[in-house]
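As provided, input_29.cif (mmCIF, C-alpha atoms and all ligand atoms) reads as follows.
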data_protein
#
loop_
_atom_site.label_atom_id
_atom_site.label_comp_id
_atom_site.auth_asym_id
_atom_site.auth_seq_id
_atom_site.Cartn_x
_atom_site.Cartn_y
_atom_site.Cartn_z
CA MET K 476 0.00 0.00 0.00
CA VAL K 477 1.44 3.33 -1.02
CA GLY K 478 0.96 6.14 1.46
CA GLU K 479 -0.71 9.47 1.09
CA VAL K 480 1.27 12.45 -0.04
CA THR K 481 0.65 15.97 1.18
CA PRO K 482 1.52 18.81 -1.15
CA THR K 483 3.40 21.91 -0.20
CA ILE K 484 0.73 24.60 -0.47
CA GLN K 485 1.47 28.05 -1.83
CA ALA K 486 -0.91 31.00 -1.71
CA ASP K 487 -1.18 31.43 -5.47
CA ALA K 488 0.38 30.61 -8.82
CA GLU K 489 3.10 33.23 -8.32
CA GLN K 490 4.20 31.79 -4.98
CA LEU K 491 4.03 28.33 -6.52
CA ALA K 492 6.45 29.46 -9.20
CA GLN K 493 8.89 30.78 -6.60
CA ALA K 494 8.79 27.55 -4.60
CA ALA K 495 9.15 25.38 -7.69
CA ALA K 496 12.03 27.51 -8.97
CA ASP K 497 13.72 27.14 -5.56
CA PHE K 498 13.38 23.36 -5.79
CA ILE K 499 14.73 23.14 -9.35
CA THR K 500 17.53 25.61 -8.63
CA ALA K 501 18.70 23.49 -5.70
CA GLN K 502 18.69 20.38 -7.89
CA VAL K 503 20.82 21.86 -10.65
CA ARG K 504 23.23 23.43 -8.16
CA ALA K 505 23.72 20.00 -6.57
CA ASN K 506 24.16 18.36 -9.97
CA PRO K 507 25.02 20.68 -12.88
CA HIS K 508 24.59 17.74 -15.30
CA LEU K 509 20.98 17.25 -14.25
CA SER K 510 18.82 15.46 -16.82
CA ILE K 511 15.34 16.97 -16.71
CA LEU K 512 12.08 15.78 -18.24
CA VAL K 513 10.25 18.99 -19.09
CA ALA K 514 6.48 19.43 -19.16
CA THR K 515 4.88 22.17 -21.19
CA GLY K 516 1.28 23.26 -20.53
CA ASN K 517 0.23 26.38 -18.62
CA THR K 518 1.13 25.40 -15.07
CA PRO K 519 4.95 25.42 -15.20
CA MET K 520 5.29 28.57 -17.34
CA PRO K 521 5.62 31.04 -14.43
CA THR K 522 8.21 28.68 -12.89
CA TYR K 523 10.24 28.61 -16.11
CA ALA K 524 9.99 32.42 -16.34
CA GLU K 525 11.30 32.72 -12.78
CA LEU K 526 14.17 30.32 -13.59
CA ALA K 527 14.99 32.39 -16.66
CA ARG K 528 15.09 35.49 -14.47
CA ARG K 529 17.53 33.77 -12.11
CA VAL K 530 19.71 32.62 -15.01
CA GLU K 531 19.73 36.16 -16.37
CA ALA K 532 20.77 37.45 -12.94
CA GLY K 533 23.62 34.90 -12.82
CA ASP K 534 22.14 33.07 -9.81
CA VAL K 535 21.98 29.65 -11.45
CA ASP K 536 23.48 27.91 -14.47
CA PHE K 537 21.70 25.30 -16.59
CA SER K 538 24.29 25.17 -19.39
CA ARG K 539 25.46 21.64 -18.55
CA ALA K 540 22.00 20.21 -17.85
CA THR K 541 19.97 18.21 -20.40
CA ALA K 542 16.32 18.95 -21.21
CA VAL K 543 14.26 15.95 -22.28
CA GLN K 544 10.97 16.28 -24.14
CA LEU K 545 7.94 14.74 -22.42
CA ASP K 546 5.34 14.63 -25.15
CA GLU K 547 4.33 15.80 -28.63
CA TYR K 548 1.46 15.75 -31.07
CA LEU K 549 1.78 13.48 -34.08
CA GLY K 550 1.86 14.64 -37.66
CA ILE K 551 2.81 18.29 -37.20
CA GLU K 552 5.66 20.11 -38.90
CA ASP K 553 8.56 21.62 -36.96
CA ASP K 554 7.30 25.14 -37.60
CA ASP K 555 3.74 24.37 -36.50
CA PRO K 556 2.78 26.86 -33.77
CA ARG K 557 1.26 23.97 -31.79
CA SER K 558 4.54 22.04 -31.58
CA LEU K 559 5.22 21.15 -27.95
CA TRP K 560 8.92 20.92 -28.81
CA ASN K 561 8.85 24.57 -29.85
CA TRP K 562 6.93 25.51 -26.70
CA MET K 563 9.57 23.75 -24.59
CA ARG K 564 12.39 25.37 -26.57
CA ARG K 565 10.91 28.87 -26.23
CA SER K 566 9.95 28.60 -22.56
CA PHE K 567 12.74 26.46 -21.09
CA VAL K 568 15.67 25.46 -23.30
CA GLU K 569 16.56 28.86 -24.74
CA PRO K 570 15.80 31.21 -21.82
CA LEU K 571 17.62 28.92 -19.37
CA GLY K 572 20.59 28.50 -21.70
CA LEU K 573 20.58 24.72 -22.03
CA THR K 574 22.73 23.34 -24.83
CA ARG K 575 21.80 19.66 -24.50
CA THR K 576 18.39 18.36 -25.42
CA VAL K 577 16.68 15.06 -26.14
CA ARG K 578 13.75 15.28 -28.47
CA LEU K 579 10.99 12.67 -28.48
CA HIS K 580 10.85 11.25 -32.00
CA SER K 581 10.13 7.57 -31.53
CA PRO K 582 10.01 5.06 -28.67
CA GLY K 583 13.25 3.33 -29.75
CA GLN K 584 15.27 6.52 -30.22
CA PHE K 585 13.95 7.95 -26.95
CA GLY K 586 14.68 4.84 -24.90
CA ALA K 587 18.26 4.73 -26.19
CA ALA K 588 18.76 8.41 -25.41
CA ILE K 589 17.48 8.00 -21.85
CA ARG K 590 19.81 5.03 -21.34
CA ASP K 591 22.74 7.09 -22.67
CA LEU K 592 21.89 9.77 -20.11
CA GLY K 593 21.97 7.18 -17.33
CA GLY K 594 18.28 7.80 -16.62
CA LEU K 595 16.41 10.94 -15.66
CA ASP K 596 17.38 12.92 -12.58
CA LEU K 597 14.25 15.05 -12.40
CA ALA K 598 10.80 14.96 -14.02
CA ILE K 599 8.92 18.28 -13.96
CA LEU K 600 5.27 17.43 -14.47
CA GLY K 601 1.86 19.05 -14.71
CA LEU K 602 -1.37 17.26 -13.84
CA GLY K 603 -3.85 16.62 -16.62
CA PRO K 604 -7.46 17.53 -15.79
CA ASN K 605 -8.16 13.82 -16.37
CA GLY K 606 -5.19 12.64 -14.30
CA HIS K 607 -2.80 12.16 -17.21
CA LEU K 608 0.97 12.58 -16.96
CA GLY K 609 2.56 13.72 -20.17
CA PHE K 610 0.10 12.14 -22.57
CA ASN K 611 -0.26 8.94 -20.57
CA GLU K 612 -4.01 9.04 -20.80
CA PRO K 613 -6.27 7.06 -18.50
CA PRO K 614 -6.08 4.12 -18.32
CA SER K 615 -2.26 3.94 -18.12
CA PRO K 616 -0.65 1.33 -15.89
CA PRO K 617 2.72 2.06 -14.26
CA ASP K 618 4.59 0.01 -16.86
CA ALA K 619 3.02 1.79 -19.84
CA PRO K 620 5.93 2.35 -22.24
CA THR K 621 6.87 5.29 -24.42
CA ARG K 622 4.36 5.05 -27.27
CA THR K 623 2.03 6.72 -29.70
CA LEU K 624 -1.63 6.86 -28.75
CA ALA K 625 -4.95 8.57 -29.39
CA LEU K 626 -5.72 11.55 -27.18
CA THR K 627 -8.92 11.38 -25.12
CA PRO K 628 -11.75 13.86 -25.75
CA ALA K 629 -10.82 15.57 -22.45
CA SER K 630 -7.24 16.16 -23.59
CA LEU K 631 -8.30 17.25 -27.07
CA GLU K 632 -10.43 19.88 -25.33
CA SER K 633 -7.83 21.04 -22.77
CA ASN K 634 -5.12 21.19 -25.45
CA ARG K 635 -7.32 23.04 -27.91
CA ALA K 636 -7.50 25.81 -25.33
CA TYR K 637 -3.73 26.41 -25.65
CA TRP K 638 -3.96 27.38 -29.29
CA GLY K 639 -7.58 28.25 -29.98
CA VAL K 640 -7.59 25.61 -32.73
CA ALA K 641 -7.93 21.85 -32.73
CA VAL K 642 -4.85 19.73 -31.99
CA PRO K 643 -3.98 16.45 -33.75
CA ALA K 644 -5.84 13.41 -32.47
CA GLY K 645 -2.63 11.44 -32.02
CA ALA K 646 0.36 11.99 -29.75
CA ILE K 647 3.58 10.42 -28.52
CA THR K 648 4.48 10.40 -24.84
CA ALA K 649 7.33 9.36 -22.62
CA GLY K 650 6.05 6.22 -20.92
CA MET K 651 4.87 5.87 -17.36
CA ASP K 652 7.87 3.56 -16.93
CA VAL K 653 10.26 6.40 -17.85
CA ILE K 654 8.50 8.98 -15.66
CA LEU K 655 8.29 6.70 -12.62
CA ALA K 656 11.99 5.78 -12.94
CA ALA K 657 13.08 9.43 -12.57
CA ARG K 658 15.20 9.90 -9.47
CA GLN K 659 13.03 12.86 -8.40
CA THR K 660 9.57 13.87 -9.56
CA LEU K 661 8.08 17.35 -9.17
CA LEU K 662 4.34 17.77 -9.74
CA LEU K 663 3.04 21.32 -10.11
CA VAL K 664 -0.69 21.94 -9.77
CA SER K 665 -2.55 25.21 -9.96
CA GLY K 666 -6.21 26.21 -10.01
CA ALA K 667 -9.54 25.10 -8.60
CA HIS K 668 -10.30 23.01 -11.69
CA LYS K 669 -7.52 20.61 -10.65
CA ARG K 670 -8.71 20.15 -7.07
CA GLY K 671 -10.70 16.96 -7.57
CA VAL K 672 -8.07 15.22 -9.66
CA LEU K 673 -5.24 16.29 -7.33
CA HIS K 674 -7.03 14.78 -4.34
CA ALA K 675 -7.68 11.62 -6.36
CA ALA K 676 -4.00 11.43 -7.33
CA LEU K 677 -2.62 11.94 -3.83
CA ARG K 678 -5.32 10.45 -1.60
CA GLY K 679 -7.29 8.01 -3.74
CA PRO K 680 -6.35 4.45 -4.69
CA GLU K 681 -3.49 3.82 -7.08
CA THR K 682 -5.24 3.19 -10.37
CA PRO K 683 -4.53 3.33 -14.10
CA GLU K 684 -7.66 5.49 -14.28
CA VAL K 685 -5.65 8.24 -12.55
CA PRO K 686 -2.12 7.74 -13.93
CA ALA K 687 -0.76 10.45 -11.61
CA SER K 688 -1.70 8.27 -8.62
CA PHE K 689 1.38 6.14 -9.39
CA LEU K 690 3.67 9.09 -8.66
CA ARG K 691 3.37 8.18 -4.97
CA ARG K 692 5.79 5.34 -5.77
CA THR K 693 8.50 7.88 -6.59
CA ALA K 694 10.57 10.44 -4.69
CA LEU K 695 7.72 12.91 -5.19
CA THR K 696 7.45 16.60 -4.37
CA VAL K 697 4.07 18.19 -5.02
CA ILE K 698 3.71 21.97 -5.04
CA ALA K 699 0.15 23.23 -5.40
CA ASP K 700 -1.62 26.51 -4.88
CA GLU K 701 -4.44 26.90 -2.39
CA ALA K 702 -7.11 26.82 -5.06
CA ALA K 703 -5.96 23.36 -6.16
CA TRP K 704 -5.99 21.83 -2.69
CA THR K 705 -8.07 23.54 0.01
C1 LIG K 801 2.37 18.92 -21.32
C2 LIG K 801 1.94 17.76 -20.52
C3 LIG K 801 0.59 17.68 -19.93
C4 LIG K 801 0.26 18.84 -18.99
C5 LIG K 801 -1.11 18.68 -18.36
C6 LIG K 801 -1.49 19.89 -17.52
O1 LIG K 801 3.69 18.70 -21.80
O2 LIG K 801 2.71 16.87 -20.38
O3 LIG K 801 0.49 16.46 -19.22
O4 LIG K 801 1.24 18.91 -18.00
O5 LIG K 801 -2.08 18.48 -19.35
O6 LIG K 801 -1.56 21.01 -18.36
P1 LIG K 801 -1.78 22.48 -17.79
O7 LIG K 801 -0.57 22.79 -16.97
O8 LIG K 801 -1.91 23.35 -18.97
O9 LIG K 801 -3.01 22.44 -16.93
#
How does this structure look as structure tokens?
Ligand code: F6R
Amino acid sequence: MVGEVTPTIQADAEQLAQAAADFITAQVRANPHLSILVATGNTPMPTYAELARRVEAGDVDFSRATAVQLDEYLGIEDDDPRSLWNWMRRSFVEPLGLTRTVRLHSPGQFGAAIRDLGGLDLAILGLGPNGHLGFNEPPSPPDAPTRTLALTPASLESNRAYWGVAVPAGAITAGMDVILAARQTLLLVSGAHKRGVLHAALRGPETPEVPASFLRRTALTVIADEAAWT
């Protein structure tokens, strides 16, 4: 039986970003070669902006770290505005000054790249409104591998909101097996619309219906704002 996890609660999304940036800063200071799985989505953007501010100020250095892509839509061109790779590049890789990246092209290529890195040191994750991690849609068991899959109607809807236009129906995601093997996991959750799913993930049963519930098997830090928890 895996125990309950209590998040660190911050007053609002801005305080969440400060706390998350503190956590990530400490990790990269302890290990400049940190390999980091990087979520896109709305939640971590203020955190990445705060990290960029610290890099700019010379407080922290990510130049020897490696950024690893978590997920992507299928069938889009490199210059497509919806590309999650481009979102990650614009929000994390370039402003933080990383020079090493692993892009998610195919399960075989990705698995080899993760092995070459010696595994992931840190996974920065958001929580899908349906409990997904990356694009590990429910149901996803803990051994779900890196794979292509069809997005659920819930994810098609939440992802459409990013761009104001429909997203492709297919995606590729780092597997649950890769995420759960990260040496540290950091889950960031903001907003009242995530409250139910966050409680299910941290307090409910472990279940493939809430893939994030398996994070309790990992060295997990959860930072949430008050709206998402209380
Ligand atoms: C994005 C990703 C997704 C999001 C999740 C939450 O790379 O992996 O799992 O983290 O859908 O998205 P937001 O933060 O926009 O609520």
Please produce, as a tab-separated table, a per-residue contact table for segment 630-664 of chain K versus segment 593-599 of chain K (criterion: any atom at most 9 Å away, only C-alpha atoms considered), showing the nearest atom pair and its distance in Å to one decimal, sorted by chain then residue number.
residue	atom	partner	partner_atom	distance
K:Val653	CA	K:Leu595	CA	8.0
K:Ile654	CA	K:Ala598	CA	6.6
K:Leu655	CA	K:Ala598	CA	8.7
K:Ala656	CA	K:Leu595	CA	7.3
K:Ala657	CA	K:Leu595	CA	4.8
K:Arg658	CA	K:Asp596	CA	4.9
K:Gln659	CA	K:Leu597	CA	4.7
K:Thr660	CA	K:Ala598	CA	4.8
K:Leu661	CA	K:Ile599	CA	5.0
K:Leu662	CA	K:Ile599	CA	6.2
K:Leu663	CA	K:Ile599	CA	7.7
Dump C-alpha atoms for the selected residues as a PDB file, keeping the file's coordinate frame?
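Writing the result to selection-v8.pdb gives the following:
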ATOM      1  CA  VAL K 653      10.260   6.400 -17.850  1.00  0.00           C
ATOM      2  CA  ILE K 654       8.500   8.980 -15.660  1.00  0.00           C
ATOM      3  CA  LEU K 655       8.290   6.700 -12.620  1.00  0.00           C
ATOM      4  CA  ALA K 656      11.990   5.780 -12.940  1.00  0.00           C
ATOM      5  CA  ALA K 657      13.080   9.430 -12.570  1.00  0.00           C
ATOM      6  CA  ARG K 658      15.200   9.900  -9.470  1.00  0.00           C
ATOM      7  CA  GLN K 659      13.030  12.860  -8.400  1.00  0.00           C
ATOM      8  CA  THR K 660       9.570  13.870  -9.560  1.00  0.00           C
ATOM      9  CA  LEU K 661       8.080  17.350  -9.170  1.00  0.00           C
ATOM     10  CA  LEU K 662       4.340  17.770  -9.740  1.00  0.00           C
ATOM     11  CA  LEU K 663       3.040  21.320 -10.110  1.00  0.00           C
TER      12      LEU K 663
END
* **Surrounding residues of segment 676-683 of chain K excluding itself and chain neighbours under 6 positions, 12 Å, only C-alpha atoms, as a PyMOL selection string** => chain K and resi 476-482+602-608+611-619+651+662+664+669-670+689-692+695-699+704
As a quick test: using all atoms listed in the file, which residues lie no more than 7 Å away from ligand LIG 801 (chain K)? Give them as a PDB file with C-alpha atoms, keeping the file's coordinate frame.
ATOM      1  CA  ALA K 514       6.480  19.430 -19.160  1.00  0.00           C
ATOM      2  CA  THR K 515       4.880  22.170 -21.190  1.00  0.00           C
ATOM      3  CA  GLY K 516       1.280  23.260 -20.530  1.00  0.00           C
ATOM      4  CA  ASN K 517       0.230  26.380 -18.620  1.00  0.00           C
ATOM      5  CA  THR K 518       1.130  25.400 -15.070  1.00  0.00           C
ATOM      6  CA  PRO K 519       4.950  25.420 -15.200  1.00  0.00           C
ATOM      7  CA  LEU K 545       7.940  14.740 -22.420  1.00  0.00           C
ATOM      8  CA  ASP K 546       5.340  14.630 -25.150  1.00  0.00           C
ATOM      9  CA  LEU K 559       5.220  21.150 -27.950  1.00  0.00           C
ATOM     10  CA  LEU K 600       5.270  17.430 -14.470  1.00  0.00           C
ATOM     11  CA  GLY K 601       1.860  19.050 -14.710  1.00  0.00           C
ATOM     12  CA  LEU K 602      -1.370  17.260 -13.840  1.00  0.00           C
ATOM     13  CA  GLY K 603      -3.850  16.620 -16.620  1.00  0.00           C
ATOM     14  CA  PRO K 604      -7.460  17.530 -15.790  1.00  0.00           C
ATOM     15  CA  HIS K 607      -2.800  12.160 -17.210  1.00  0.00           C
ATOM     16  CA  LEU K 608       0.970  12.580 -16.960  1.00  0.00           C
ATOM     17  CA  GLY K 609       2.560  13.720 -20.170  1.00  0.00           C
ATOM     18  CA  PHE K 610       0.100  12.140 -22.570  1.00  0.00           C
TER      19      PHE K 610
END
* Pick the closest to Ile589 of chain K from K:Gln502, K:Thr705, K:Thr541, K:Thr483: which is it, counting only C-alpha atoms? ->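 Among the listed residues, K:Thr541 lies closest to Ile589 of chain K.
Closest approach to Gly666 of chain K from the set K:Ala694, K:Ala501, K:Arg529, K:Ala486 is made by K:Ala486, with distances taken over all atoms listed in the file.
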* **Between atom CA of Ala649 of chain K and atom CA of Pro620 of chain K - distance in Å to one decimal** => 7.2 Å
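For the set K:Leu631, K:Ile511, K:Ile551, K:Ala625, the residue with the smallest atom-to-atom gap to Val577 of chain K is K:Ile511, counting only C-alpha atoms.
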* Between atom CA of Asp534 of chain K and atom CA of Arg504 of chain K, what is the distance, to one decimal in Å? -> 9.8 Å
Taking all listed atoms of segment 596-604 of chain K, build the axis-aligned box, pad each of the six sides by 4 Å, then write its centre and edge lengths in Å to one decimal as AutoDock Vina command-line options.
--center_x 5.0 --center_y 16.0 --center_z -14.5 --size_x 32.8 --size_y 14.1 --size_z 12.2
* Asked: To one decimal place, how far is atom CA of Leu571 of chain K from atom CA of Asp487 of chain K in Å?
  ->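 Separation between atom CA of Leu571 of chain K and atom CA of Asp487 of chain K: 23.5 Å.
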* Find the spatial neighbours of Gln493 of chain K, counting all atoms listed in the file, within a cut-off of 9 Å - ignore same-chain residues fewer than 3 positions away - and output them as number ranges by chain. => K: 488-490, 496-498, 521-522, 525-526
Take the residues from that selection and write them out as a tab-separated table (two decimals), in the coordinates of the input, keeping C-alpha atoms.
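Once everything was written out, this is result04.tsv:
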chain	number	residue	atom	x	y	z
K	488	ALA	CA	0.38	30.61	-8.82
K	489	GLU	CA	3.10	33.23	-8.32
K	490	GLN	CA	4.20	31.79	-4.98
K	496	ALA	CA	12.03	27.51	-8.97
K	497	ASP	CA	13.72	27.14	-5.56
K	498	PHE	CA	13.38	23.36	-5.79
K	521	PRO	CA	5.62	31.04	-14.43
K	522	THR	CA	8.21	28.68	-12.89
K	525	GLU	CA	11.30	32.72	-12.78
K	526	LEU	CA	14.17	30.32	-13.59
Long-range neighbours of Ala644 of chain K as a PDB file with C-alpha atoms, in the coordinates of the input, 10 Å cut-off, only C-alpha atoms, 4 positions minimum in chain:
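Contents of around_27.pdb, as written:
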ATOM      1  CA  TYR K 548       1.460  15.750 -31.070  1.00  0.00           C
ATOM      2  CA  LEU K 549       1.780  13.480 -34.080  1.00  0.00           C
ATOM      3  CA  GLY K 550       1.860  14.640 -37.660  1.00  0.00           C
ATOM      4  CA  LEU K 624      -1.630   6.860 -28.750  1.00  0.00           C
ATOM      5  CA  ALA K 625      -4.950   8.570 -29.390  1.00  0.00           C
ATOM      6  CA  LEU K 626      -5.720  11.550 -27.180  1.00  0.00           C
ATOM      7  CA  THR K 627      -8.920  11.380 -25.120  1.00  0.00           C
ATOM      8  CA  PRO K 628     -11.750  13.860 -25.750  1.00  0.00           C
ATOM      9  CA  SER K 630      -7.240  16.160 -23.590  1.00  0.00           C
ATOM     10  CA  LEU K 631      -8.300  17.250 -27.070  1.00  0.00           C
TER      11      LEU K 631
END
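Distances here use only C-alpha atoms; by that measure, the residue among K:Arg539, K:Gly645, K:Leu491, K:Trp638 closest to Glu701 of chain K is K:Leu491.
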